[in-house]
Amino acid sequence: MDRTLESLQYLIAQVLPHRDPAFVFKDLNVVGMLQEFWENKQKQRAVFSSEGTVVYESLNSPGPPFVSYVTLPGGSCFGNFQCCLSRAEARRDAAKVALINSLFNELPCRKITKEFIMESVQEAVSSTSGSLSDADDPSTSIGAYHYMLESNIGKTMLEFQELMIVFQLLHWNGSLKALRETKCSRQYSLDERMRSHMALDWIMKEQESPGIISQELQVAQRELEEARKAGQELRFYKEKKEILSLALSQIYSNQITPSSNNDQMDLALSGYH
């Protein structure tokens with residue numbers, strides 16, 4: 001623990017040279033410090049140049065406790081884990097969680113290495129019906145995952161985060177077949193188009209199993225809340241909630257009529273390719 005603290009203090013001195021490492025997490029301007037951290041990283045290594053801003057989002061609430069999320073360049077998302085009595089306090093708490101994780105991300109142990117890839121593939125095999133031999137076959141889920149890891153060797157966990165989230169969402173959504181069929185021929189990006197395709201997939205599932213979206217949404221909301229209070233990375237849970245909410249809103253607003261369902265479902269499925 002002492003060596004980890006020393007490592008963090010060394011990183012703070014490197015990335016935030018004008019800050020006192022001993023007091024960095026007690027500074028009330030942690031929001032500004034987080035922005036400064038990522039601006040300095042971009043100047044030093046030109047990472048995430050197309051997504052250079054730290055974005056905050058506060059949930060609408062008539063009163064406390066308030067919830068705030070912060071999304072970092074590269075897509076990782078964190079939230080306040082404490083019970084906050086004001087929006088400003090929630091924003092600072094979310095920034096503090098994000099800053100701590102950003103600093104940890106700079107440690108050598110947070111880089112994707114051959115050893116990490118081997119352990120990750122073995123964990124994926126144990127949690128699925130696959131086998132280790134599938135790792136060499138990009139047409140399998142395990143093989144696609146292995147290929148993605150190998151393609152990102154040397155990157156940090158936060159740099160790899162968005163691609164990993166897309167993989168997790170496709171697996172959760174039941175659309176991983178599309179990733180296998182393309183044999184990971186391109187880098188998927190998580191944008192409004194992909195979210196809309198996934199929402200349409202869930203509308204199709206709702207037609208087959210009425211009530212499934214509401215059930216999944218309750219699970220996603222509970223997972224998001226639990227992960228936020230534990231100080232964990234939230235992007236996967238947050239995206240699930242937003243995709244399911246989008247599907248429900250489309251159903252209840254009657255924007256998708258029975259006559260246009262098939263055409264839109266075909267568009268959703270073809271959009272992955």
# chains A, B, ... in the order shown; residues from 1 in each chain; ligands from 1
>>> select_by_dssp(residues="segment 26-269 of chain A", states="strand (DSSP E)", output="mmCIF file with N, CA and C atoms, in the first residue's frame")
data_model
loop_
_atom_site.group_PDB
_atom_site.id
_atom_site.type_symbol
_atom_site.label_atom_id
_atom_site.label_comp_id
_atom_site.auth_asym_id
_atom_site.auth_seq_id
_atom_site.Cartn_x
_atom_site.Cartn_y
_atom_site.Cartn_z
ATOM 1 N N VAL A 55 -16.554 15.301 -19.484
ATOM 2 C CA VAL A 55 -17.975 15.651 -19.558
ATOM 3 C C VAL A 55 -18.691 15.236 -18.273
ATOM 4 N N TYR A 56 -19.456 16.162 -17.705
ATOM 5 C CA TYR A 56 -20.227 15.887 -16.487
ATOM 6 C C TYR A 56 -21.710 15.794 -16.804
ATOM 7 N N GLU A 57 -22.396 14.964 -16.038
ATOM 8 C CA GLU A 57 -23.842 14.790 -16.195
ATOM 9 C C GLU A 57 -24.456 14.629 -14.804
ATOM 10 N N SER A 58 -25.457 15.423 -14.508
ATOM 11 C CA SER A 58 -26.150 15.329 -13.215
ATOM 12 C C SER A 58 -27.560 14.804 -13.437
ATOM 13 N N SER A 68 -24.041 12.489 -9.715
ATOM 14 C CA SER A 68 -23.322 13.090 -10.834
ATOM 15 C C SER A 68 -22.404 12.051 -11.471
ATOM 16 N N TYR A 69 -22.324 12.077 -12.797
ATOM 17 C CA TYR A 69 -21.424 11.202 -13.536
ATOM 18 C C TYR A 69 -20.397 12.057 -14.267
ATOM 19 N N VAL A 70 -19.212 11.489 -14.464
ATOM 20 C CA VAL A 70 -18.188 12.157 -15.264
ATOM 21 C C VAL A 70 -17.629 11.146 -16.259
ATOM 22 N N THR A 71 -17.608 11.528 -17.535
ATOM 23 C CA THR A 71 -17.079 10.678 -18.593
ATOM 24 C C THR A 71 -15.741 11.249 -19.053
ATOM 25 N N CYS A 77 -16.400 6.006 -17.501
ATOM 26 C CA CYS A 77 -17.371 6.800 -16.745
ATOM 27 C C CYS A 77 -17.319 6.443 -15.262
ATOM 28 N N PHE A 78 -17.383 7.471 -14.412
ATOM 29 C CA PHE A 78 -17.391 7.283 -12.968
ATOM 30 C C PHE A 78 -18.458 8.189 -12.355
ATOM 31 N N GLY A 79 -18.846 7.888 -11.136
ATOM 32 C CA GLY A 79 -19.863 8.685 -10.454
ATOM 33 C C GLY A 79 -19.508 8.895 -9.000
#
>>> residues_around(residues="segment 98-109 of chain A", least_positions_apart="2", cutoff="9 Å", atoms="only C-alpha atoms", output="tab-separated table (two decimals) with C-alpha atoms, in the first residue's frame")
chain	number	residue	atom	x	y	z
A	4	THR	CA	1.27	2.30	-4.33
A	7	SER	CA	3.77	5.64	-7.05
A	8	LEU	CA	0.64	7.79	-7.11
A	11	LEU	CA	2.64	10.33	-10.97
A	12	ILE	CA	0.95	13.43	-9.54
A	25	PHE	CA	-7.16	14.73	-3.03
A	30	VAL	CA	-10.67	18.57	-7.83
A	31	VAL	CA	-12.88	19.26	-10.88
A	33	MET	CA	-7.47	19.19	-11.35
A	34	LEU	CA	-9.13	16.38	-13.31
A	37	PHE	CA	-4.69	16.06	-15.69
A	38	TRP	CA	-6.22	15.09	-19.04
A	70	VAL	CA	-18.19	12.16	-15.26
A	71	THR	CA	-17.08	10.68	-18.59
A	72	LEU	CA	-13.37	10.82	-19.40
A	76	SER	CA	-14.66	5.63	-19.13
A	77	CYS	CA	-17.37	6.80	-16.74
A	78	PHE	CA	-17.39	7.28	-12.97
A	79	GLY	CA	-19.86	8.69	-10.45
A	93	ASP	CA	-17.03	13.56	-5.53
A	94	ALA	CA	-17.41	12.10	-9.03
A	95	ALA	CA	-14.33	14.05	-10.15
A	96	LYS	CA	-12.35	12.70	-7.19
A	111	LYS	CA	-1.15	-1.78	-19.18
A	112	ILE	CA	-2.33	-4.60	-21.43
A	113	THR	CA	0.44	-7.19	-21.51
A	156	THR	CA	-3.77	1.21	-20.71
A	157	MET	CA	-7.08	-0.09	-19.40
A	158	LEU	CA	-8.80	3.27	-19.85
A	231	GLY	CA	-16.63	3.52	-6.92
A	233	GLU	CA	-16.24	2.13	-13.68
>>> closest_residue(among="A:Gln168, A:Ile251, A:Val67, A:Glu89", to="Ile203 of chain A", atoms="only C-alpha atoms")
A:Ile251
>>> residues_around(residues="Glu162 of chain A", least_positions_apart="5", cutoff="8 Å", atoms="only C-alpha atoms", output="PyMOL selection string")
chain A and resi 74-76+189-190
>>> write_last_selection(atoms="C-alpha atoms", output="mmCIF file, in the first residue's frame")
data_model
loop_
_atom_site.group_PDB
_atom_site.id
_atom_site.type_symbol
_atom_site.label_atom_id
_atom_site.label_comp_id
_atom_site.auth_asym_id
_atom_site.auth_seq_id
_atom_site.Cartn_x
_atom_site.Cartn_y
_atom_site.Cartn_z
ATOM 1 C CA GLY A 74 -11.741 7.572 -24.146
ATOM 2 C CA GLY A 75 -15.177 6.794 -22.714
ATOM 3 C CA SER A 76 -14.664 5.631 -19.125
ATOM 4 C CA SER A 189 -17.446 2.768 -32.042
ATOM 5 C CA LEU A 190 -20.196 3.331 -29.534
#
